[in-house]
Structure formats: C-alpha cells, structure tokens
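Novice: protein.pdb (PDB, C-alpha atoms and all ligand atoms) pasted underneath:
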```
ATOM      1  CA  ALA A 364      24.398  -5.097  63.377
ATOM      2  CA  THR A 365      22.806  -8.410  64.333
ATOM      3  CA  HIS A 366      20.473  -8.259  67.303
ATOM      4  CA  PHE A 367      18.563 -11.281  68.541
ATOM      5  CA  LYS A 368      16.125 -11.059  71.413
ATOM      6  CA  ILE A 369      14.074 -13.691  73.209
ATOM      7  CA  GLU A 370      11.525 -12.378  75.691
ATOM      8  CA  GLY A 371       9.301 -14.382  78.020
ATOM      9  CA  LEU A 372       9.311 -17.371  75.693
ATOM     10  CA  LYS A 373       7.013 -20.177  76.768
ATOM     11  CA  ALA A 374       6.536 -23.390  74.831
ATOM     12  CA  GLU A 375       4.830 -26.693  75.329
ATOM     13  CA  ILE A 376       4.986 -30.202  73.903
ATOM     14  CA  GLU A 377       1.798 -32.221  73.757
ATOM     15  CA  GLY A 378       0.174 -29.920  76.279
ATOM     16  CA  LYS A 379       3.079 -30.006  78.751
ATOM     17  CA  GLU A 380       4.796 -26.686  79.394
ATOM     18  CA  ILE A 381       8.564 -27.066  78.970
ATOM     19  CA  LEU A 382       9.821 -23.499  78.458
ATOM     20  CA  LYS A 383       8.538 -21.296  81.253
ATOM     21  CA  GLY A 384       9.627 -17.833  80.204
ATOM     22  CA  ILE A 385      13.066 -17.603  78.576
ATOM     23  CA  ASN A 386      14.783 -14.213  78.294
ATOM     24  CA  LEU A 387      17.990 -13.866  76.309
ATOM     25  CA  GLU A 388      19.535 -11.086  74.302
ATOM     26  CA  MET A 389      22.405 -11.571  71.856
ATOM     27  CA  LYS A 390      24.334  -9.210  69.641
ATOM     28  CA  GLY A 391      26.527  -9.923  66.651
ATOM     29  CA  GLY A 392      30.045 -10.898  67.687
ATOM     30  CA  GLU A 393      28.888 -12.528  70.925
ATOM     31  CA  ILE A 394      29.085 -16.159  71.900
ATOM     32  CA  HIS A 395      26.551 -17.315  74.478
ATOM     33  CA  ALA A 396      26.607 -20.767  76.032
ATOM     34  CA  ILE A 397      23.591 -22.427  77.588
ATOM     35  CA  MET A 398      24.382 -25.221  80.009
ATOM     36  CA  GLY A 399      22.033 -27.281  82.097
ATOM     37  CA  PRO A 400      21.121 -30.751  83.268
ATOM     38  CA  ASN A 401      19.364 -33.209  80.972
ATOM     39  CA  GLY A 402      15.678 -32.670  80.396
ATOM     40  CA  THR A 403      15.621 -28.961  81.311
ATOM     41  CA  GLY A 404      14.409 -27.827  77.898
ATOM     42  CA  LYS A 405      17.614 -26.847  76.098
ATOM     43  CA  SER A 406      16.734 -28.719  72.907
ATOM     44  CA  THR A 407      13.148 -27.532  73.215
ATOM     45  CA  LEU A 408      14.437 -23.960  73.155
ATOM     46  CA  ALA A 409      16.468 -24.664  70.014
ATOM     47  CA  SER A 410      13.526 -26.365  68.308
ATOM     48  CA  ALA A 411      11.072 -23.632  69.288
ATOM     49  CA  LEU A 412      13.430 -21.001  67.845
ATOM     50  CA  MET A 413      13.568 -22.881  64.555
ATOM     51  CA  GLY A 414       9.810 -23.410  64.404
ATOM     52  CA  HIS A 415       9.652 -27.181  64.830
ATOM     53  CA  PRO A 416       5.933 -28.071  64.523
ATOM     54  CA  LYS A 417       5.955 -30.322  67.610
ATOM     55  CA  TYR A 418       6.660 -27.414  69.926
ATOM     56  CA  GLU A 419       3.889 -24.949  70.486
ATOM     57  CA  VAL A 420       4.910 -21.468  71.538
ATOM     58  CA  THR A 421       2.261 -20.176  73.937
ATOM     59  CA  ASP A 422       3.747 -16.844  75.008
ATOM     60  CA  GLY A 423       6.627 -14.436  74.513
ATOM     61  CA  SER A 424       8.465 -13.006  71.550
ATOM     62  CA  VAL A 425      11.576 -13.649  69.487
ATOM     63  CA  THR A 426      12.998 -10.979  67.210
ATOM     64  CA  LEU A 427      15.930 -10.903  64.820
ATOM     65  CA  ASN A 428      16.908  -7.350  63.937
ATOM     66  CA  GLY A 429      13.470  -6.240  65.046
ATOM     67  CA  GLU A 430      11.630  -8.756  62.872
ATOM     68  CA  ASP A 431       9.176 -11.150  64.472
ATOM     69  CA  VAL A 432      10.696 -14.614  64.156
ATOM     70  CA  LEU A 433       7.732 -16.486  65.638
ATOM     71  CA  ASP A 434       5.596 -15.159  62.823
ATOM     72  CA  MET A 435       7.875 -16.712  60.197
ATOM     73  CA  ALA A 436       7.599 -20.189  58.668
ATOM     74  CA  VAL A 437      10.617 -22.477  59.117
ATOM     75  CA  ASP A 438      12.113 -21.652  55.718
ATOM     76  CA  GLU A 439      11.620 -17.933  56.308
ATOM     77  CA  ARG A 440      13.553 -18.202  59.565
ATOM     78  CA  ALA A 441      16.425 -19.812  57.690
ATOM     79  CA  ARG A 442      16.262 -17.128  55.029
ATOM     80  CA  ALA A 443      16.301 -14.447  57.737
ATOM     81  CA  GLY A 444      19.614 -15.890  58.943
ATOM     82  CA  LEU A 445      18.779 -18.370  61.702
ATOM     83  CA  PHE A 446      20.657 -21.639  61.682
ATOM     84  CA  LEU A 447      20.227 -24.638  63.948
ATOM     85  CA  ALA A 448      22.570 -27.585  64.251
ATOM     86  CA  MET A 449      20.352 -30.203  65.835
ATOM     87  CA  GLN A 450      21.347 -32.536  68.646
ATOM     88  CA  TYR A 451      20.153 -35.460  66.522
ATOM     89  CA  PRO A 452      20.460 -34.531  62.824
ATOM     90  CA  SER A 453      17.977 -36.388  60.598
ATOM     91  CA  GLU A 454      18.944 -38.762  57.846
ATOM     92  CA  ILE A 455      17.389 -37.951  54.494
ATOM     93  CA  THR A 456      17.517 -40.721  51.928
ATOM     94  CA  GLY A 457      17.467 -39.648  48.302
ATOM     95  CA  VAL A 458      18.957 -36.184  48.883
ATOM     96  CA  THR A 459      22.707 -35.945  48.592
ATOM     97  CA  ASN A 460      24.649 -33.776  50.967
ATOM     98  CA  SER A 461      25.839 -31.636  48.096
ATOM     99  CA  ASP A 462      22.312 -31.092  46.696
ATOM    100  CA  PHE A 463      21.044 -30.237  50.149
ATOM    101  CA  LEU A 464      23.821 -27.729  50.784
ATOM    102  CA  ARG A 465      23.409 -26.029  47.447
ATOM    103  CA  SER A 466      19.686 -25.537  47.928
ATOM    104  CA  ALA A 467      20.250 -24.319  51.500
ATOM    105  CA  ILE A 468      22.702 -21.694  50.222
ATOM    106  CA  ASN A 469      20.314 -20.643  47.468
ATOM    107  CA  ALA A 470      17.389 -20.450  49.879
ATOM    108  CA  ARG A 471      19.263 -17.568  51.562
ATOM    109  CA  ARG A 472      19.656 -15.742  48.232
ATOM    110  CA  GLU A 473      17.350 -13.701  46.058
ATOM    111  CA  GLU A 474      15.975 -15.266  42.908
ATOM    112  CA  GLY A 475      18.442 -14.816  40.068
ATOM    113  CA  GLN A 476      21.363 -14.584  42.531
ATOM    114  CA  GLU A 477      21.856 -18.345  42.948
ATOM    115  CA  ILE A 478      25.394 -19.597  43.473
ATOM    116  CA  SER A 479      26.978 -21.010  40.320
ATOM    117  CA  LEU A 480      27.788 -24.709  40.303
ATOM    118  CA  ILE A 481      31.509 -24.088  39.848
ATOM    119  CA  ARG A 482      31.663 -21.613  42.698
ATOM    120  CA  PHE A 483      29.621 -23.898  44.930
ATOM    121  CA  ILE A 484      31.879 -26.880  44.286
ATOM    122  CA  ARG A 485      34.970 -24.800  44.934
ATOM    123  CA  GLN A 486      33.591 -23.556  48.279
ATOM    124  CA  LEU A 487      32.315 -26.987  49.260
ATOM    125  CA  GLU A 488      35.707 -28.587  48.594
ATOM    126  CA  ALA A 489      37.564 -25.877  50.493
ATOM    127  CA  LYS A 490      35.326 -26.083  53.581
ATOM    128  CA  MET A 491      35.350 -29.885  53.602
ATOM    129  CA  LYS A 492      39.112 -29.759  53.543
ATOM    130  CA  GLU A 493      39.139 -27.323  56.477
ATOM    131  CA  LEU A 494      36.956 -29.754  58.417
ATOM    132  CA  ASP A 495      39.117 -32.709  57.420
ATOM    133  CA  MET A 496      36.130 -34.441  55.781
ATOM    134  CA  ASN A 497      36.432 -37.136  53.167
ATOM    135  CA  PRO A 498      35.305 -35.626  49.801
ATOM    136  CA  GLU A 499      33.008 -38.625  49.247
ATOM    137  CA  PHE A 500      30.655 -37.211  51.904
ATOM    138  CA  ALA A 501      29.500 -34.635  49.348
ATOM    139  CA  HIS A 502      27.821 -37.364  47.338
ATOM    140  CA  ARG A 503      26.406 -39.447  50.172
ATOM    141  CA  TYR A 504      22.740 -39.126  51.145
ATOM    142  CA  LEU A 505      22.327 -36.530  53.864
ATOM    143  CA  ASN A 506      23.494 -38.002  57.179
ATOM    144  CA  GLU A 507      22.609 -41.544  56.062
ATOM    145  CA  GLY A 508      24.947 -43.950  57.783
ATOM    146  CA  PHE A 509      27.095 -41.070  59.043
ATOM    147  CA  SER A 510      28.655 -41.729  62.443
ATOM    148  CA  GLY A 511      27.736 -39.389  65.293
ATOM    149  CA  GLY A 512      30.937 -37.417  64.783
ATOM    150  CA  GLU A 513      30.498 -37.239  61.002
ATOM    151  CA  LYS A 514      26.987 -35.833  61.465
ATOM    152  CA  LYS A 515      28.288 -33.123  63.790
ATOM    153  CA  ARG A 516      31.055 -32.191  61.376
ATOM    154  CA  ASN A 517      28.506 -32.076  58.596
ATOM    155  CA  GLU A 518      26.354 -29.646  60.605
ATOM    156  CA  ILE A 519      29.382 -27.358  60.904
ATOM    157  CA  LEU A 520      29.982 -27.696  57.168
ATOM    158  CA  GLN A 521      26.402 -26.509  56.582
ATOM    159  CA  MET A 522      26.951 -23.557  58.891
ATOM    160  CA  MET A 523      30.148 -22.558  57.103
ATOM    161  CA  LEU A 524      28.495 -22.595  53.698
ATOM    162  CA  ILE A 525      25.180 -21.002  54.691
ATOM    163  CA  GLU A 526      26.843 -18.146  56.629
ATOM    164  CA  PRO A 527      23.910 -17.510  58.984
ATOM    165  CA  SER A 528      23.685 -14.501  61.291
ATOM    166  CA  ILE A 529      22.445 -16.428  64.339
ATOM    167  CA  VAL A 530      23.879 -19.893  64.892
ATOM    168  CA  VAL A 531      22.323 -22.262  67.413
ATOM    169  CA  LEU A 532      24.421 -25.357  68.093
ATOM    170  CA  ASP A 533      22.663 -28.016  70.162
ATOM    171  CA  GLU A 534      25.203 -30.379  71.748
ATOM    172  CA  ILE A 535      27.498 -30.153  68.748
ATOM    173  CA  ASP A 536      30.201 -31.575  71.032
ATOM    174  CA  SER A 537      28.428 -34.757  72.090
ATOM    175  CA  GLY A 538      29.925 -37.957  70.749
ATOM    176  CA  LEU A 539      33.073 -36.268  69.473
ATOM    177  CA  ASP A 540      36.568 -37.478  70.257
ATOM    178  CA  ILE A 541      39.098 -34.815  71.110
ATOM    179  CA  ASP A 542      40.448 -34.415  67.550
ATOM    180  CA  ALA A 543      36.962 -34.037  66.087
ATOM    181  CA  LEU A 544      36.071 -31.620  68.888
ATOM    182  CA  LYS A 545      39.041 -29.431  67.983
ATOM    183  CA  ILE A 546      38.077 -29.455  64.300
ATOM    184  CA  VAL A 547      34.484 -28.505  65.114
ATOM    185  CA  ALA A 548      35.722 -25.760  67.454
ATOM    186  CA  SER A 549      38.075 -24.345  64.838
ATOM    187  CA  GLY A 550      35.190 -24.331  62.344
ATOM    188  CA  VAL A 551      33.144 -22.282  64.810
ATOM    189  CA  ASN A 552      36.033 -19.955  65.586
ATOM    190  CA  ALA A 553      36.684 -19.388  61.878
ATOM    191  CA  MET A 554      33.074 -18.211  61.550
ATOM    192  CA  ARG A 555      33.222 -15.729  64.432
ATOM    193  CA  SER A 556      32.471 -12.247  63.179
ATOM    194  CA  ASP A 557      31.001  -8.979  64.374
ATOM    195  CA  ASP A 558      27.712  -9.592  62.609
ATOM    196  CA  ARG A 559      27.203 -13.189  63.696
ATOM    197  CA  GLY A 560      26.003 -14.411  67.088
ATOM    198  CA  PHE A 561      26.347 -17.936  68.485
ATOM    199  CA  LEU A 562      24.175 -19.781  70.973
ATOM    200  CA  ILE A 563      26.042 -22.881  72.049
ATOM    201  CA  ILE A 564      23.984 -25.414  73.971
ATOM    202  CA  THR A 565      26.115 -27.916  75.777
ATOM    203  CA  HIS A 566      25.983 -30.350  78.623
ATOM    204  CA  TYR A 567      29.721 -30.174  79.251
ATOM    205  CA  GLN A 568      32.278 -27.418  79.605
ATOM    206  CA  ARG A 569      34.759 -29.237  77.300
ATOM    207  CA  LEU A 570      33.866 -27.428  74.063
ATOM    208  CA  LEU A 571      34.104 -24.084  75.854
ATOM    209  CA  ASN A 572      37.828 -24.671  76.363
ATOM    210  CA  TYR A 573      38.171 -24.252  72.601
ATOM    211  CA  VAL A 574      35.344 -21.834  71.844
ATOM    212  CA  LYS A 575      35.485 -19.090  74.451
ATOM    213  CA  PRO A 576      32.001 -17.845  75.333
ATOM    214  CA  ASP A 577      31.356 -14.247  76.357
ATOM    215  CA  PHE A 578      28.327 -15.259  78.431
ATOM    216  CA  VAL A 579      27.278 -18.497  80.101
ATOM    217  CA  HIS A 580      23.671 -19.169  81.090
ATOM    218  CA  VAL A 581      22.397 -21.973  83.264
ATOM    219  CA  MET A 582      19.044 -23.443  82.324
ATOM    220  CA  MET A 583      16.946 -25.396  84.789
ATOM    221  CA  GLN A 584      13.346 -26.510  84.646
ATOM    222  CA  GLY A 585      12.564 -24.398  81.605
ATOM    223  CA  ARG A 586      14.143 -21.152  82.766
ATOM    224  CA  ILE A 587      17.500 -19.425  82.600
ATOM    225  CA  VAL A 588      18.237 -19.266  86.299
ATOM    226  CA  LYS A 589      21.744 -17.844  86.316
ATOM    227  CA  SER A 590      24.046 -15.987  83.915
ATOM    228  CA  GLY A 591      27.708 -15.109  84.103
ATOM    229  CA  GLY A 592      31.008 -15.271  82.254
ATOM    230  CA  PRO A 593      33.225 -18.245  81.306
ATOM    231  CA  GLU A 594      34.109 -18.811  84.979
ATOM    232  CA  LEU A 595      30.537 -20.030  85.509
ATOM    233  CA  ALA A 596      31.105 -22.894  83.056
ATOM    234  CA  GLU A 597      34.299 -23.865  84.851
ATOM    235  CA  ARG A 598      32.544 -23.969  88.202
ATOM    236  CA  LEU A 599      29.726 -26.112  86.779
ATOM    237  CA  GLU A 600      32.286 -28.514  85.351
ATOM    238  CA  ALA A 601      34.047 -28.798  88.689
ATOM    239  CA  GLU A 602      31.057 -28.826  91.034
ATOM    240  CA  GLY A 603      28.024 -29.869  88.996
ATOM    241  CA  TYR A 604      24.635 -28.155  89.281
ATOM    242  CA  ASP A 605      23.697 -28.796  92.911
ATOM    243  CA  TRP A 606      25.171 -25.556  94.213
ATOM    244  CA  VAL A 607      23.068 -23.569  91.751
ATOM    245  CA  LYS A 608      19.945 -25.353  92.971
ATOM    246  CA  GLU A 609      20.872 -24.675  96.581
ATOM    247  CA  GLU A 610      21.724 -21.055  95.920
ATOM    248  CA  LEU A 611      18.389 -20.462  94.206
ATOM    249  CA  GLY A 612      16.302 -22.778  96.362
ATOM    250  CA  ILE A 613      15.287 -24.988  93.415
ATOM    251  CA  GLU A 614      13.743 -28.359  94.295
ATOM    252  CA  ASP A 615      14.331 -31.425  92.087
TER     253      ASP A 615
HETATM  254  P1  LIG A 701      17.403 -31.044  77.213
HETATM  255  O1  LIG A 701      17.762 -30.720  75.811
HETATM  256  O2  LIG A 701      17.702 -29.940  78.183
HETATM  257  O3  LIG A 701      17.994 -32.346  77.674
HETATM  258  P2  LIG A 701      14.720 -31.360  76.136
HETATM  259  O4  LIG A 701      14.354 -30.030  75.622
HETATM  260  O5  LIG A 701      15.150 -32.390  75.159
HETATM  261  O6  LIG A 701      15.812 -31.198  77.303
HETATM  262  O7  LIG A 701      13.497 -31.941  76.957
HETATM  263  C1  LIG A 701      12.789 -31.176  77.921
HETATM  264  C2  LIG A 701      11.579 -31.970  78.418
HETATM  265  O8  LIG A 701      10.650 -32.094  77.364
HETATM  266  C3  LIG A 701      11.896 -33.362  78.884
HETATM  267  O9  LIG A 701      11.079 -33.638  80.001
HETATM  268  C4  LIG A 701      11.506 -34.226  77.704
HETATM  269  O10 LIG A 701      11.136 -35.498  78.104
HETATM  270  C5  LIG A 701      10.353 -33.462  77.131
HETATM  271  N1  LIG A 701      10.263 -33.638  75.666
HETATM  272  C6  LIG A 701      11.168 -33.238  74.757
HETATM  273  N2  LIG A 701      10.798 -33.552  73.501
HETATM  274  C7  LIG A 701       9.608 -34.186  73.634
HETATM  275  C8  LIG A 701       8.685 -34.771  72.708
HETATM  276  N3  LIG A 701       8.926 -34.756  71.377
HETATM  277  N4  LIG A 701       7.572 -35.332  73.203
HETATM  278  C9  LIG A 701       7.321 -35.347  74.534
HETATM  279  N5  LIG A 701       8.142 -34.822  75.460
HETATM  280  C10 LIG A 701       9.267 -34.249  75.030
HETATM  281 MG    MG A 702      19.376 -33.924  76.603
HETATM  282 MG    MG A 703      18.972 -31.628  74.435
END
```
Please rewrite the model in this file as structure tokens.
Ligand code: ADP
Ligand code: MG
Ligand code: MG

Specialist:
Amino acid sequence: ATHFKIEGLKAEIEGKEILKGINLEMKGGEIHAIMGPNGTGKSTLASALMGHPKYEVTDGSVTLNGEDVLDMAVDERARAGLFLAMQYPSEITGVTNSDFLRSAINARREEGQEISLIRFIRQLEAKMKELDMNPEFAHRYLNEGFSGGEKKRNEILQMMLIEPSIVVLDEIDSGLDIDALKIVASGVNAMRSDDRGFLIITHYQRLLNYVKPDFVHVMMQGRIVKSGGPELAERLEAEGYDWVKEELGIED
C-alpha cells in the first residue's frame, strides 16, 4: 500500500527559508487538501517534493513506501510514482504533447516493457475524450499557446496516462470556468484508488465541492498550522484565514 511521509521538511530559495518544518503523512486512497493564503509556501512545497533545482532542502525527510525521495533525482522521483501538476505549467517548443506523454509513460516502465504505439494512441484518445479535449492537442507543442484552462486539463491528462501513486496538484482549479472545473474534478475522481494518494493544493474551497478531501490542512508562513476534515475548508471559504491567525496567535 502507498505510504508517503514528509517529516520536518525545511527548504529555502536563494538563501531565504520558506518551508519551516512541514509534517504530513498520506496513505493510498486518501485525498489531502492544503489551503493557505498567497505566499505561504504551498508551491514551494510542491516544487521541493519534485526536486526543482531552485529550492534547496535544508532539513527533514520525505519517503515514499520507505524510500528516500530527497535522495532521488527528478526523473527517479517520477519513476518512483510521484507526479506534480504545476501551478504554471511550462511551454516546451519542439516537443509535441503526444511525444511527451509517451516518453513520460515509458519512463515509469522497465526497459523492454514500453507501451506500444497502437496501445498508447488508443489510451490517449480515450482519455482526451473523457476530458473533452480537442484531439488536435495531441499534436500541438507541449502547452504552447494553450489557454490557462487547456494547460490544467492537459496536466490531468498526463496524470491519467502516467498513473502515479502520489499526485500533487498545485492550484489545478485556478483559471477554470465551472464546466472545466467539473471536468478536471471528474478526471481526479476517476483516478481515485486505494493505492493512490492525492495532495491537492488550492487557494479556494471551490474544487473541494467536487473532489471531497479526507483531510484539510492550513498552511501559513511555511508551516502546516491546522488540520481537520472537509468542514475546515468550508469555514475558510466562509470566514477567510483571520480566525486561524487569531486562534494560533500568528502575526502578519
Ligand atoms: P504560495 O504557493 O503559497 O502562494 P510560494 O511557494 O509560491 O507561495 O511562495 C512562497 C514565498 O517564496 C513567497 O514569499 C515567494 O515570493 C517566495 N518565492 C517563491 N518562489 C521564488 C523564487 N523562485 N525566487 C524567490 N522567491 C520565491
Ligand atoms: Mg500563490
Ligand atoms: Mg502557489
């Protein structure tokens, strides 16, 4: 069974400490949401987990099924089953979406076990249909000229094809209209399984109406300061973050 554990994680950017000791434990089948005001380090957490070179981890540990994630290179993390949908997906000219997806799937497989072209195309077409994506997006350069919503949908397409065991979604809901939000949510829900855990980072409660989290964590100033169930997200939506600050005596 999937078991993901973050302990005392500290990370800095250009010498400035952003993550000040994050603890979080996730098991397969669970959906965790992280909410928090802008600039509290949510995206930094996602990037540090994926091994982005700009973020230097200075303390703590991250394990996936007992294996040391921080010791792995970026591609090894992906191979081990970590997946990150970034808040701002990059555009890559010269690499088509379809080529990118096929190599991402194969990167998760042993040599000699690569997906056949026919099988890949069949799966790609089926998933794109589920996400109500225009088939032409398969042949476009990765994210180039995609609208905000198209990029987000494309991240979900990647997730569906790669079948990771830990999925980190950083503001997958931002910039989506309600129809696109529902499609993205149904993509996530279709991927729920006992051996897959989700970490959904979001600024708003909206997505959580469609993807029901088991746990909600509030992040402030580089720490998880409060955890609870879905009712916590509803209260944050209604009342904002000030009451959490007051309750915990956090200064701005
Ligand atoms: P959130 O996702 O919660 O809005 P971020 O993780 O993006 O927050 O940012 C946390 C803090 O780190 C902010 O103060 C931000 O300005 C700073 N930061 C993030 N990325 C960089 C970077 N590449 N260079 C310098 N500072 C950064
Ligand atoms: Mg932000
Ligand atoms: Mg962010």

Novice: Restrict the calculation to all atoms listed in the file, then for each residue of chain A with any atom at most 7 Å from an atom of ligand MG 703 (chain A) give the closest atom pair and their distance in Å to one decimal, rows by chain and rising residue number, as a tab-separated table.

Specialist:
```
residue	atom	partner	partner_atom	distance
A:Asn401	CA	A:MG703	MG	6.7
A:Gly402	CA	A:MG703	MG	6.9
A:Gly404	CA	A:MG703	MG	6.9
A:Lys405	CA	A:MG703	MG	5.2
A:Ser406	CA	A:MG703	MG	4.0
A:Gln450	CA	A:MG703	MG	6.3
A:Asp533	CA	A:MG703	MG	6.7
A:Glu534	CA	A:MG703	MG	6.9
```

Novice: I'd like a table as JSON lines: residues in chain A with an atom no more than 9 Å from ligand LIG 701 (chain A), each row giving the shortest atom pair and its distance in Å to one decimal, all atoms listed in the file counted, sorted by chain and rising residue number.

Specialist:
```
{"residue": "A:Glu375", "atom": "CA", "partner": "A:LIG701", "partner_atom": "O8", "distance": 8.2}
{"residue": "A:Ile376", "atom": "CA", "partner": "A:LIG701", "partner_atom": "C9", "distance": 5.7}
{"residue": "A:Glu377", "atom": "CA", "partner": "A:LIG701", "partner_atom": "C9", "distance": 6.4}
{"residue": "A:Lys379", "atom": "CA", "partner": "A:LIG701", "partner_atom": "N5", "distance": 7.7}
{"residue": "A:Glu380", "atom": "CA", "partner": "A:LIG701", "partner_atom": "O8", "distance": 8.2}
{"residue": "A:Ile381", "atom": "CA", "partner": "A:LIG701", "partner_atom": "O8", "distance": 5.7}
{"residue": "A:Leu382", "atom": "CA", "partner": "A:LIG701", "partner_atom": "C1", "distance": 8.2}
{"residue": "A:Met398", "atom": "CA", "partner": "A:LIG701", "partner_atom": "O2", "distance": 8.4}
{"residue": "A:Gly399", "atom": "CA", "partner": "A:LIG701", "partner_atom": "O2", "distance": 6.4}
{"residue": "A:Pro400", "atom": "CA", "partner": "A:LIG701", "partner_atom": "O2", "distance": 6.2}
{"residue": "A:Asn401", "atom": "CA", "partner": "A:LIG701", "partner_atom": "O3", "distance": 3.7}
{"residue": "A:Gly402", "atom": "CA", "partner": "A:LIG701", "partner_atom": "O6", "distance": 3.4}
{"residue": "A:Thr403", "atom": "CA", "partner": "A:LIG701", "partner_atom": "O2", "distance": 3.9}
{"residue": "A:Gly404", "atom": "CA", "partner": "A:LIG701", "partner_atom": "O4", "distance": 3.2}
{"residue": "A:Lys405", "atom": "CA", "partner": "A:LIG701", "partner_atom": "O2", "distance": 3.7}
{"residue": "A:Ser406", "atom": "CA", "partner": "A:LIG701", "partner_atom": "O1", "distance": 3.7}
{"residue": "A:Thr407", "atom": "CA", "partner": "A:LIG701", "partner_atom": "O4", "distance": 3.7}
{"residue": "A:Leu408", "atom": "CA", "partner": "A:LIG701", "partner_atom": "O4", "distance": 6.6}
{"residue": "A:Ala409", "atom": "CA", "partner": "A:LIG701", "partner_atom": "O4", "distance": 8.0}
{"residue": "A:Ser410", "atom": "CA", "partner": "A:LIG701", "partner_atom": "O4", "distance": 8.2}
{"residue": "A:Lys417", "atom": "CA", "partner": "A:LIG701", "partner_atom": "N3", "distance": 6.5}
{"residue": "A:Tyr418", "atom": "CA", "partner": "A:LIG701", "partner_atom": "N3", "distance": 7.8}
{"residue": "A:Gln450", "atom": "CA", "partner": "A:LIG701", "partner_atom": "O1", "distance": 8.2}
{"residue": "A:Asp533", "atom": "CA", "partner": "A:LIG701", "partner_atom": "O1", "distance": 8.0}
{"residue": "A:Glu534", "atom": "CA", "partner": "A:LIG701", "partner_atom": "O1", "distance": 8.5}
{"residue": "A:Ile564", "atom": "CA", "partner": "A:LIG701", "partner_atom": "O1", "distance": 8.4}
{"residue": "A:Thr565", "atom": "CA", "partner": "A:LIG701", "partner_atom": "O1", "distance": 8.8}
{"residue": "A:His566", "atom": "CA", "partner": "A:LIG701", "partner_atom": "O3", "distance": 8.3}
{"residue": "A:Met582", "atom": "CA", "partner": "A:LIG701", "partner_atom": "O2", "distance": 7.8}
{"residue": "A:Met583", "atom": "CA", "partner": "A:LIG701", "partner_atom": "O2", "distance": 8.1}
{"residue": "A:Gln584", "atom": "CA", "partner": "A:LIG701", "partner_atom": "C1", "distance": 8.2}
{"residue": "A:Gly585", "atom": "CA", "partner": "A:LIG701", "partner_atom": "C1", "distance": 7.7}
```

Novice: Taking the file as shown, find all residues satisfying the PyMOL selection byres (((chain A and resi 393) around 12) and not hetatm) and write them as a PDB file with C-alpha atoms, keeping the file's coordinate frame.

Specialist:
```
ATOM      1  CA  ALA A 364      24.398  -5.097  63.377  1.00  0.00           C
ATOM      2  CA  THR A 365      22.806  -8.410  64.333  1.00  0.00           C
ATOM      3  CA  HIS A 366      20.473  -8.259  67.303  1.00  0.00           C
ATOM      4  CA  PHE A 367      18.563 -11.281  68.541  1.00  0.00           C
ATOM      5  CA  GLU A 388      19.535 -11.086  74.302  1.00  0.00           C
ATOM      6  CA  MET A 389      22.405 -11.571  71.856  1.00  0.00           C
ATOM      7  CA  LYS A 390      24.334  -9.210  69.641  1.00  0.00           C
ATOM      8  CA  GLY A 391      26.527  -9.923  66.651  1.00  0.00           C
ATOM      9  CA  GLY A 392      30.045 -10.898  67.687  1.00  0.00           C
ATOM     10  CA  ILE A 394      29.085 -16.159  71.900  1.00  0.00           C
ATOM     11  CA  HIS A 395      26.551 -17.315  74.478  1.00  0.00           C
ATOM     12  CA  ALA A 396      26.607 -20.767  76.032  1.00  0.00           C
ATOM     13  CA  SER A 528      23.685 -14.501  61.291  1.00  0.00           C
ATOM     14  CA  ILE A 529      22.445 -16.428  64.339  1.00  0.00           C
ATOM     15  CA  VAL A 530      23.879 -19.893  64.892  1.00  0.00           C
ATOM     16  CA  ASN A 552      36.033 -19.955  65.586  1.00  0.00           C
ATOM     17  CA  MET A 554      33.074 -18.211  61.550  1.00  0.00           C
ATOM     18  CA  ARG A 555      33.222 -15.729  64.432  1.00  0.00           C
ATOM     19  CA  SER A 556      32.471 -12.247  63.179  1.00  0.00           C
ATOM     20  CA  ASP A 557      31.001  -8.979  64.374  1.00  0.00           C
ATOM     21  CA  ASP A 558      27.712  -9.592  62.609  1.00  0.00           C
ATOM     22  CA  ARG A 559      27.203 -13.189  63.696  1.00  0.00           C
ATOM     23  CA  GLY A 560      26.003 -14.411  67.088  1.00  0.00           C
ATOM     24  CA  PHE A 561      26.347 -17.936  68.485  1.00  0.00           C
ATOM     25  CA  LEU A 562      24.175 -19.781  70.973  1.00  0.00           C
ATOM     26  CA  ILE A 563      26.042 -22.881  72.049  1.00  0.00           C
ATOM     27  CA  VAL A 574      35.344 -21.834  71.844  1.00  0.00           C
ATOM     28  CA  LYS A 575      35.485 -19.090  74.451  1.00  0.00           C
ATOM     29  CA  PRO A 576      32.001 -17.845  75.333  1.00  0.00           C
ATOM     30  CA  ASP A 577      31.356 -14.247  76.357  1.00  0.00           C
ATOM     31  CA  PHE A 578      28.327 -15.259  78.431  1.00  0.00           C
ATOM     32  CA  VAL A 579      27.278 -18.497  80.101  1.00  0.00           C
ATOM     33  CA  GLY A 592      31.008 -15.271  82.254  1.00  0.00           C
TER      34      GLY A 592
END
```

Novice: Expand the PyMOL selection byres (((chain A and resi 445) around 6) and not hetatm) into the individual residues it matches in the shown file, reporting them as an MDAnalysis selection string.

Specialist: chainID A and resid 440:441 444 446 527 529

Novice: Which of these, A:Leu433, A:Val420, A:Ala470, A:Leu412, has the shortest distance to A:Gly378 once you count all atoms listed in the file?

Specialist: A:Val420

Novice: Given the PyMOL selection byres (((chain A and resi 504) around 8) and not hetatm) and the file above, list the residues it selects as a ChimeraX atom specification.

Specialist: /A:454-460,502-503,505-507

Novice: Using the selection just defined, write its residues with C-alpha atoms as a tab-separated table (two decimals), in the coordinates of the input.

Specialist:
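Written output follows (part36.tsv):
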```tsv
chain	number	residue	atom	x	y	z
A	454	GLU	CA	18.94	-38.76	57.85
A	455	ILE	CA	17.39	-37.95	54.49
A	456	THR	CA	17.52	-40.72	51.93
A	457	GLY	CA	17.47	-39.65	48.30
A	458	VAL	CA	18.96	-36.18	48.88
A	459	THR	CA	22.71	-35.94	48.59
A	460	ASN	CA	24.65	-33.78	50.97
A	502	HIS	CA	27.82	-37.36	47.34
A	503	ARG	CA	26.41	-39.45	50.17
A	505	LEU	CA	22.33	-36.53	53.86
A	506	ASN	CA	23.49	-38.00	57.18
A	507	GLU	CA	22.61	-41.54	56.06
```

Novice: Quick one: of A:Met449, A:Leu524, A:Ile369, A:Ile481, who's nearest to ligand MG 702 (chain A), counting all atoms listed in the file?

Specialist: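 So, comparing all the options, the nearest one is A:Met449.
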
Novice: Restricting the calculation to only C-alpha atoms and all ligand atoms: of A:Arg485, A:Glu518, A:Glu597, A:Tyr451, which residue gets closest to ligand MG 702 (chain A)?

Specialist: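 Of the candidates, the smallest distance to ligand MG 702 (chain A) is held by A:Tyr451.
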
Novice: Which residues come within 12 Å of A:Ile546, counting all atoms listed in the file, excluding same-chain residues fewer than 2 positions away, as a PyMOL selection string?

Specialist: chain A and resi 490-496+512-513+515-517+519-520+535-536+539-544+548-553+570+573-574

Novice: At a cut-off of 8 Å, using only C-alpha atoms, what residues contact A:Leu464? Leave out same-chain residues fewer than 2 positions from it and give the result as a list in words.

Specialist: Asn460, Ser461, Asp462, Ser466, Ala467, Ile468, Gln521, Leu524 and Ile525 of chain A

Novice: Have a look at A:Tyr604, A:Ile613, A:Tyr567, A:Glu594 and name the one nearest to ligand MG 702 (chain A); count all atoms listed in the file.

Specialist: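 Among the listed residues, the smallest separation from ligand MG 702 (chain A) belongs to A:Tyr567.
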